[in-house]
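In what follows, a structure is listed as structure tokens, so that the remarks can point back to it.
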Amino acid sequence: MTELRYRRLELRDLADIERIERRSYPTPWSRSMFASEIAKPSSICLGAFEAASGELLAYLIISRYVDAWHVMNVAVEPAYRRRGIASALLDRLFELTADDGRRGYTLEVRISNTHAIALYERLGFQGRGIRRGYYTDNREDALIMWKDPVREAAHG
Ligand SMILES: CC(C)(COP(=O)(O)OP(=O)(O)OC[C@H]1O[C@@H](n2cnc3c(N)ncnc32)[C@H](O)[C@@H]1OP(=O)(O)O)[C@@H](O)C(=O)NCCC(=O)NCCS
């Protein structure tokens with residue numbers, strides 16, 4: 001079992017982020033998109049690192065909007081998938097934002113990305129709509145998913 005450490009992403013992580021990003025998406029984000037998220041006070045950029053080696057294994061980027069936290073990007077090094085790392089990162093995000101009882105969580109996911117949809121459903125997200133032709137590379141539809149604020153949900 002790989003022991004993980006979590007910390008905020010920094011500019012020195014950009015090369016490792018890019019390596020995972022390119023293996024994860026048909027149209028990867030550029031380095032400058034990550035750099036701009038890391039610089040934004042309204043974003044939380046978290047990395048999961050292998051404790052022993054310090055190697056970056058996964059990351060999560062979320063942005064604070066008026067009414068919700070928007071999950072912008074989550075990706076795991078292919079060799080380390082199906083070990084609960086994305087779930088652990090999202091759980092840390094819910095902990096970090098638990099005091100924010102006003103904001104829920106939202107994201108868009110490709111309708112064909114059944115793995116990611118299964119992950120989000122397990123963590124309490126529900127499909128609430130479709131954005132037609134949202135992805136410009138192949139005009140694929142996006143499923144819009146929402147999860148209620150953690151504190152509000154915990155209090156029923
Ligand atoms: C989607 C992704 C982030 C999942 O990361 P992960 O660390 O493997 O996810 P977890 O191990 O926490 O998976 C939790 C649950 O999600 C579901 N799930 C995740 N990957 C799955 C897969 N390949 N097939 C079926 N179900 C899957 C399962 O229910 C899984 O629980 P289980 O392993 O006990 O069955 C990873 O596959 C990835 O980086 N994909 C490429 C980038 C991407 O598509 N990101 C999402 C964009 S919106």
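Chain labels run A, B, ... following the order of the structure tokens; each chain numbers its residues from 1, and ligands are numbered from 1 in the order shown.
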>> I need the alpha helix (DSSP H) residues of segment 9-155 of chain A per DSSP on the backbone, written as a ChimeraX atom specification.
In response: /A:14-24,31-39,85-96,114-122,150-154
Which residues of chain A have any atom within 6 Å of an atom in ligand 1 when counting only C-alpha atoms and all ligand atoms, and what is the closest pair of atoms for each, with the distance in Å to one decimal? Order the rows by chain and rising number and write it as a Markdown table.
```
| residue | atom | partner | partner_atom_place_in_ligand_line | distance |
| --- | --- | --- | --- | --- |
| A:Ser24 | CA | ligand 1 | 41 (C) | 4.3 |
| A:Tyr25 | CA | ligand 1 | 42 (C) | 5.9 |
| A:Val74 | CA | ligand 1 | 45 (N) | 5.0 |
| A:Ala75 | CA | ligand 1 | 39 (O) | 3.4 |
| A:Val76 | CA | ligand 1 | 39 (O) | 3.9 |
| A:Arg81 | CA | ligand 1 | 8 (O) | 3.3 |
| A:Arg82 | CA | ligand 1 | 11 (O) | 3.3 |
| A:Arg83 | CA | ligand 1 | 11 (O) | 4.2 |
| A:Gly84 | CA | ligand 1 | 11 (O) | 3.3 |
| A:Ile85 | CA | ligand 1 | 7 (O) | 4.0 |
| A:Ala86 | CA | ligand 1 | 7 (O) | 3.8 |
| A:Ser87 | CA | ligand 1 | 12 (O) | 3.7 |
| A:Val109 | CA | ligand 1 | 48 (S) | 4.3 |
| A:His115 | CA | ligand 1 | 21 (C) | 4.1 |
| A:Ala116 | CA | ligand 1 | 1 (C) | 4.0 |
| A:Ala118 | CA | ligand 1 | 17 (C) | 4.6 |
| A:Leu119 | CA | ligand 1 | 16 (O) | 3.2 |
```
Would you mind exporting C-alpha atoms of the selected residues as a PDB file, in the first residue's frame?
```pdb
ATOM      1  CA  SER A  24      -4.922  11.580 -18.734  1.00  0.00           C
ATOM      2  CA  TYR A  25      -6.719  13.774 -21.277  1.00  0.00           C
ATOM      3  CA  VAL A  74      -8.691  15.732 -11.185  1.00  0.00           C
ATOM      4  CA  ALA A  75      -6.191  13.223 -12.552  1.00  0.00           C
ATOM      5  CA  VAL A  76      -4.194  10.268 -11.264  1.00  0.00           C
ATOM      6  CA  ARG A  81      -5.452   4.314 -10.484  1.00  0.00           C
ATOM      7  CA  ARG A  82      -8.124   2.233  -8.688  1.00  0.00           C
ATOM      8  CA  ARG A  83      -6.336   2.624  -5.356  1.00  0.00           C
ATOM      9  CA  GLY A  84      -8.622   5.243  -3.894  1.00  0.00           C
ATOM     10  CA  ILE A  85      -6.300   8.210  -4.566  1.00  0.00           C
ATOM     11  CA  ALA A  86      -8.838  10.409  -6.394  1.00  0.00           C
ATOM     12  CA  SER A  87     -11.413   9.615  -3.695  1.00  0.00           C
ATOM     13  CA  VAL A 109     -17.667  15.469 -16.980  1.00  0.00           C
ATOM     14  CA  HIS A 115     -15.202   5.772 -14.661  1.00  0.00           C
ATOM     15  CA  ALA A 116     -15.141   9.334 -13.440  1.00  0.00           C
ATOM     16  CA  ALA A 118     -18.879   6.334 -11.030  1.00  0.00           C
ATOM     17  CA  LEU A 119     -16.237   7.962  -8.813  1.00  0.00           C
TER      18      LEU A 119
END
```
Nearby residues (only C-alpha atoms) at most 12 Å from Arg12 of chain A, same-chain spacing under 5 positions excluded, as a PDB file with all heavy atoms, in the first residue's frame:
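Result saved to result14.pdb:
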```
ATOM      1  N   ILE A  17       3.080  17.679 -13.021  1.00  0.00           N
ATOM      2  CA  ILE A  17       1.650  17.819 -13.319  1.00  0.00           C
ATOM      3  C   ILE A  17       1.425  17.573 -14.814  1.00  0.00           C
ATOM      4  O   ILE A  17       0.536  16.814 -15.209  1.00  0.00           O
ATOM      5  CB  ILE A  17       1.154  19.241 -12.938  1.00  0.00           C
ATOM      6  CG1 ILE A  17       1.228  19.467 -11.432  1.00  0.00           C
ATOM      7  CG2 ILE A  17      -0.264  19.467 -13.458  1.00  0.00           C
ATOM      8  CD1 ILE A  17       1.004  20.918 -11.017  1.00  0.00           C
ATOM      9  N   GLU A  18       2.265  18.200 -15.623  1.00  0.00           N
ATOM     10  CA  GLU A  18       2.103  18.097 -17.073  1.00  0.00           C
ATOM     11  C   GLU A  18       2.237  16.640 -17.534  1.00  0.00           C
ATOM     12  O   GLU A  18       1.509  16.186 -18.415  1.00  0.00           O
ATOM     13  CB  GLU A  18       3.147  18.975 -17.762  1.00  0.00           C
ATOM     14  CG  GLU A  18       2.906  19.093 -19.245  1.00  0.00           C
ATOM     15  CD  GLU A  18       3.847  20.083 -19.907  1.00  0.00           C
ATOM     16  OE1 GLU A  18       5.039  20.110 -19.535  1.00  0.00           O
ATOM     17  OE2 GLU A  18       3.382  20.818 -20.795  1.00  0.00           O
ATOM     18  N   ARG A  31       0.679  24.148 -19.323  1.00  0.00           N
ATOM     19  CA  ARG A  31       1.345  24.522 -18.071  1.00  0.00           C
ATOM     20  C   ARG A  31       0.855  25.862 -17.553  1.00  0.00           C
ATOM     21  O   ARG A  31       0.710  26.063 -16.354  1.00  0.00           O
ATOM     22  CB  ARG A  31       2.847  24.652 -18.303  1.00  0.00           C
ATOM     23  CG  ARG A  31       3.572  23.391 -18.081  1.00  0.00           C
ATOM     24  CD  ARG A  31       5.049  23.696 -17.976  1.00  0.00           C
ATOM     25  NE  ARG A  31       5.768  22.483 -18.280  1.00  0.00           N
ATOM     26  CZ  ARG A  31       6.970  22.192 -17.830  1.00  0.00           C
ATOM     27  NH1 ARG A  31       7.611  23.037 -17.078  1.00  0.00           N
ATOM     28  NH2 ARG A  31       7.542  21.066 -18.140  1.00  0.00           N
ATOM     29  N   PHE A  34      -2.289  25.659 -15.487  1.00  0.00           N
ATOM     30  CA  PHE A  34      -2.036  25.211 -14.116  1.00  0.00           C
ATOM     31  C   PHE A  34      -1.388  26.333 -13.300  1.00  0.00           C
ATOM     32  O   PHE A  34      -1.747  26.560 -12.147  1.00  0.00           O
ATOM     33  CB  PHE A  34      -1.146  23.961 -14.110  1.00  0.00           C
ATOM     34  CG  PHE A  34      -1.881  22.707 -14.486  1.00  0.00           C
ATOM     35  CD1 PHE A  34      -1.767  22.175 -15.759  1.00  0.00           C
ATOM     36  CD2 PHE A  34      -2.709  22.063 -13.575  1.00  0.00           C
ATOM     37  CE1 PHE A  34      -2.453  21.025 -16.122  1.00  0.00           C
ATOM     38  CE2 PHE A  34      -3.398  20.912 -13.925  1.00  0.00           C
ATOM     39  CZ  PHE A  34      -3.272  20.388 -15.205  1.00  0.00           C
ATOM     40  N   ALA A  35      -0.418  27.027 -13.935  1.00  0.00           N
ATOM     41  CA  ALA A  35       0.280  28.102 -13.211  1.00  0.00           C
ATOM     42  C   ALA A  35      -0.718  29.168 -12.780  1.00  0.00           C
ATOM     43  O   ALA A  35      -0.650  29.686 -11.658  1.00  0.00           O
ATOM     44  CB  ALA A  35       1.364  28.702 -14.098  1.00  0.00           C
ATOM     45  N   ILE A  38      -2.718  27.897  -9.792  1.00  0.00           N
ATOM     46  CA  ILE A  38      -1.883  27.875  -8.576  1.00  0.00           C
ATOM     47  C   ILE A  38      -1.769  29.288  -7.993  1.00  0.00           C
ATOM     48  O   ILE A  38      -1.734  29.470  -6.777  1.00  0.00           O
ATOM     49  CB  ILE A  38      -0.495  27.262  -8.902  1.00  0.00           C
ATOM     50  CG1 ILE A  38      -0.633  25.750  -9.114  1.00  0.00           C
ATOM     51  CG2 ILE A  38       0.522  27.559  -7.800  1.00  0.00           C
ATOM     52  CD1 ILE A  38       0.615  25.057  -9.673  1.00  0.00           C
ATOM     53  N   LEU A  56       4.941  13.019  -7.422  1.00  0.00           N
ATOM     54  CA  LEU A  56       3.534  13.412  -7.572  1.00  0.00           C
ATOM     55  C   LEU A  56       2.755  12.279  -8.234  1.00  0.00           C
ATOM     56  O   LEU A  56       3.128  11.793  -9.304  1.00  0.00           O
ATOM     57  CB  LEU A  56       3.426  14.675  -8.432  1.00  0.00           C
ATOM     58  CG  LEU A  56       1.995  15.186  -8.646  1.00  0.00           C
ATOM     59  CD1 LEU A  56       1.410  15.774  -7.362  1.00  0.00           C
ATOM     60  CD2 LEU A  56       1.954  16.237  -9.763  1.00  0.00           C
TER      61      LEU A  56
END
```
>> At a cut-off of 7 Å, using only C-alpha atoms, what residues contact Asp148 of chain A? Leave out same-chain residues fewer than 2 positions from it and give the result as a PyMOL selection string.
In response: chain A and resi 104-105+146+150+153
> Which polymer residues have any atom within 7 Å of an atom of segment 43-52 of chain A, counting only C-alpha atoms, with same-chain residues fewer than 6 positions away left out, as a list of chain:residue names?
Replying inline: A:Thr2, A:Glu3, A:Leu4, A:Arg5, A:Tyr6, A:Arg7, A:Arg8, A:Leu9, A:Glu37, A:Ala58, A:Tyr59, A:Leu60, A:Ile61, A:Ile62, A:Ser63, A:Arg64
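Considering the residues A:Asn113, A:Thr106, A:Asn138, A:Thr27 and counting only C-alpha atoms, Gln126 of chain A has its shortest atom-to-atom contact with A:Thr106.
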>> With DSSP run on the backbone, what are the strand (DSSP E) residues within segment 16-133 of chain A? I'd like them as a ChimeraX atom specification.
In response: /A:43-50,56-64,68-76,104-110,126-131
Those residues you just picked out, can you put them in a file as a compact mmCIF listing (two decimals), in the first residue's frame with N, CA, C and O atoms?
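Full text of out.txt as output:
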```txt
# COMPACT_ATOMS: atom_id res chain seq x y z
N SER A 43 -8.60 29.58 -5.83
CA SER A 43 -8.49 28.17 -6.21
C SER A 43 -7.75 27.37 -5.15
O SER A 43 -6.90 27.92 -4.43
N ILE A 44 -8.10 26.10 -5.05
CA ILE A 44 -7.34 25.18 -4.19
C ILE A 44 -6.74 24.14 -5.13
O ILE A 44 -7.47 23.48 -5.87
N CYS A 45 -5.41 24.01 -5.10
CA CYS A 45 -4.70 23.06 -5.95
C CYS A 45 -3.95 22.11 -5.04
O CYS A 45 -2.99 22.50 -4.37
N LEU A 46 -4.42 20.88 -4.99
CA LEU A 46 -3.86 19.91 -4.05
C LEU A 46 -3.17 18.79 -4.79
O LEU A 46 -3.69 18.29 -5.79
N GLY A 47 -2.03 18.34 -4.26
CA GLY A 47 -1.33 17.21 -4.85
C GLY A 47 -1.26 16.06 -3.87
O GLY A 47 -1.21 16.29 -2.65
N ALA A 48 -1.26 14.84 -4.39
CA ALA A 48 -1.01 13.64 -3.57
C ALA A 48 0.35 13.10 -4.00
O ALA A 48 0.57 12.84 -5.20
N PHE A 49 1.25 12.98 -3.06
CA PHE A 49 2.63 12.57 -3.34
C PHE A 49 2.93 11.26 -2.64
O PHE A 49 2.46 11.03 -1.51
N GLU A 50 3.72 10.41 -3.29
CA GLU A 50 4.18 9.20 -2.64
C GLU A 50 5.11 9.62 -1.49
O GLU A 50 6.06 10.37 -1.72
N LEU A 56 4.94 13.02 -7.42
CA LEU A 56 3.53 13.41 -7.57
C LEU A 56 2.75 12.28 -8.23
O LEU A 56 3.13 11.79 -9.30
N LEU A 57 1.65 11.85 -7.61
CA LEU A 57 0.84 10.75 -8.16
C LEU A 57 -0.52 11.23 -8.66
O LEU A 57 -1.15 10.55 -9.48
N ALA A 58 -0.99 12.36 -8.14
CA ALA A 58 -2.34 12.82 -8.51
C ALA A 58 -2.52 14.27 -8.09
O ALA A 58 -1.80 14.77 -7.21
N TYR A 59 -3.49 14.94 -8.72
CA TYR A 59 -3.80 16.32 -8.32
C TYR A 59 -5.26 16.62 -8.52
O TYR A 59 -5.97 15.92 -9.25
N LEU A 60 -5.67 17.68 -7.83
CA LEU A 60 -7.06 18.12 -7.86
C LEU A 60 -7.04 19.64 -7.87
O LEU A 60 -6.33 20.25 -7.08
N ILE A 61 -7.80 20.25 -8.78
CA ILE A 61 -7.90 21.71 -8.85
C ILE A 61 -9.36 22.10 -8.67
O ILE A 61 -10.22 21.61 -9.43
N ILE A 62 -9.64 22.97 -7.70
CA ILE A 62 -11.01 23.47 -7.59
C ILE A 62 -10.99 24.98 -7.47
O ILE A 62 -10.02 25.57 -7.00
N SER A 63 -12.08 25.58 -7.89
CA SER A 63 -12.19 27.03 -7.93
C SER A 63 -13.43 27.45 -7.17
O SER A 63 -14.48 26.81 -7.31
N ARG A 64 -13.31 28.53 -6.39
CA ARG A 64 -14.46 29.01 -5.62
C ARG A 64 -15.28 29.99 -6.45
O ARG A 64 -14.75 31.00 -6.91
N ALA A 68 -20.83 27.96 -5.52
CA ALA A 68 -20.36 26.57 -5.46
C ALA A 68 -18.85 26.49 -5.65
O ALA A 68 -18.23 27.41 -6.23
N TRP A 69 -18.29 25.42 -5.15
CA TRP A 69 -16.92 25.05 -5.50
C TRP A 69 -16.98 24.26 -6.80
O TRP A 69 -17.77 23.31 -6.92
N HIS A 70 -16.15 24.67 -7.76
CA HIS A 70 -16.18 24.03 -9.07
C HIS A 70 -14.95 23.13 -9.21
O HIS A 70 -13.83 23.62 -9.13
N VAL A 71 -15.18 21.84 -9.39
CA VAL A 71 -14.05 20.92 -9.59
C VAL A 71 -13.60 21.08 -11.04
O VAL A 71 -14.33 20.77 -11.97
N MET A 72 -12.38 21.61 -11.21
CA MET A 72 -11.88 21.95 -12.56
C MET A 72 -11.09 20.80 -13.18
O MET A 72 -11.09 20.63 -14.39
N ASN A 73 -10.38 20.04 -12.34
CA ASN A 73 -9.48 19.02 -12.88
C ASN A 73 -9.13 18.04 -11.77
O ASN A 73 -8.82 18.45 -10.65
N VAL A 74 -9.21 16.76 -12.09
CA VAL A 74 -8.69 15.73 -11.19
C VAL A 74 -8.09 14.63 -12.05
O VAL A 74 -8.71 14.20 -13.03
N ALA A 75 -6.86 14.26 -11.75
CA ALA A 75 -6.19 13.22 -12.55
C ALA A 75 -5.19 12.47 -11.69
O ALA A 75 -4.59 13.03 -10.77
N VAL A 76 -5.06 11.17 -12.02
CA VAL A 76 -4.19 10.27 -11.26
C VAL A 76 -3.25 9.60 -12.26
O VAL A 76 -3.66 9.21 -13.37
N GLY A 104 -22.03 24.38 -2.32
CA GLY A 104 -21.94 22.98 -2.69
C GLY A 104 -20.80 22.80 -3.67
O GLY A 104 -19.92 23.67 -3.80
N TYR A 105 -20.84 21.72 -4.40
CA TYR A 105 -19.76 21.37 -5.33
C TYR A 105 -20.39 21.03 -6.67
O TYR A 105 -21.44 20.39 -6.73
N THR A 106 -19.72 21.45 -7.73
CA THR A 106 -20.23 21.12 -9.05
C THR A 106 -19.07 20.81 -10.00
O THR A 106 -17.92 21.16 -9.72
N LEU A 107 -19.40 20.13 -11.08
CA LEU A 107 -18.38 19.80 -12.09
C LEU A 107 -19.08 19.40 -13.38
O LEU A 107 -20.27 19.10 -13.40
N GLU A 108 -18.29 19.45 -14.46
CA GLU A 108 -18.74 18.88 -15.74
C GLU A 108 -17.85 17.70 -16.05
O GLU A 108 -16.65 17.74 -15.81
N VAL A 109 -18.45 16.65 -16.61
CA VAL A 109 -17.67 15.47 -16.98
C VAL A 109 -18.19 14.96 -18.32
O VAL A 109 -19.39 15.03 -18.60
N ARG A 110 -17.26 14.47 -19.16
CA ARG A 110 -17.67 13.92 -20.45
C ARG A 110 -18.66 12.78 -20.21
O ARG A 110 -18.42 11.92 -19.38
N GLN A 126 -24.55 14.05 -7.92
CA GLN A 126 -25.66 13.55 -8.74
C GLN A 126 -25.71 14.31 -10.05
O GLN A 126 -25.46 15.52 -10.07
N GLY A 127 -26.06 13.61 -11.13
CA GLY A 127 -26.24 14.26 -12.42
C GLY A 127 -27.46 15.16 -12.36
O GLY A 127 -28.52 14.74 -11.92
N ARG A 128 -27.29 16.45 -12.81
CA ARG A 128 -28.44 17.37 -12.76
C ARG A 128 -28.69 18.04 -14.09
O ARG A 128 -29.44 19.00 -14.16
N GLY A 129 -28.01 17.60 -15.15
CA GLY A 129 -28.27 18.25 -16.44
C GLY A 129 -27.17 17.96 -17.42
O GLY A 129 -26.13 17.39 -17.08
N ILE A 130 -27.42 18.38 -18.65
CA ILE A 130 -26.48 18.13 -19.75
C ILE A 130 -26.14 19.46 -20.42
O ILE A 130 -27.03 20.28 -20.62
N ARG A 131 -24.84 19.69 -20.69
CA ARG A 131 -24.47 20.80 -21.57
C ARG A 131 -24.11 20.21 -22.92
O ARG A 131 -23.11 19.51 -23.06
```
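Nearest residue to Arg102 of chain A among A:Lys147, A:Arg139, A:Arg122, A:Arg132 is A:Lys147, counting only C-alpha atoms.
Distances here use only C-alpha atoms; by that measure, the residue among A:Leu90, A:Pro41, A:Arg23, A:Ser112 closest to Gly124 of chain A is A:Leu90.
Between Asp137 of chain A and the residues A:Pro28, A:Leu89, A:Ala79, A:Ala98, the shortest atom-to-atom distance, using only C-alpha atoms, involves A:Pro28.
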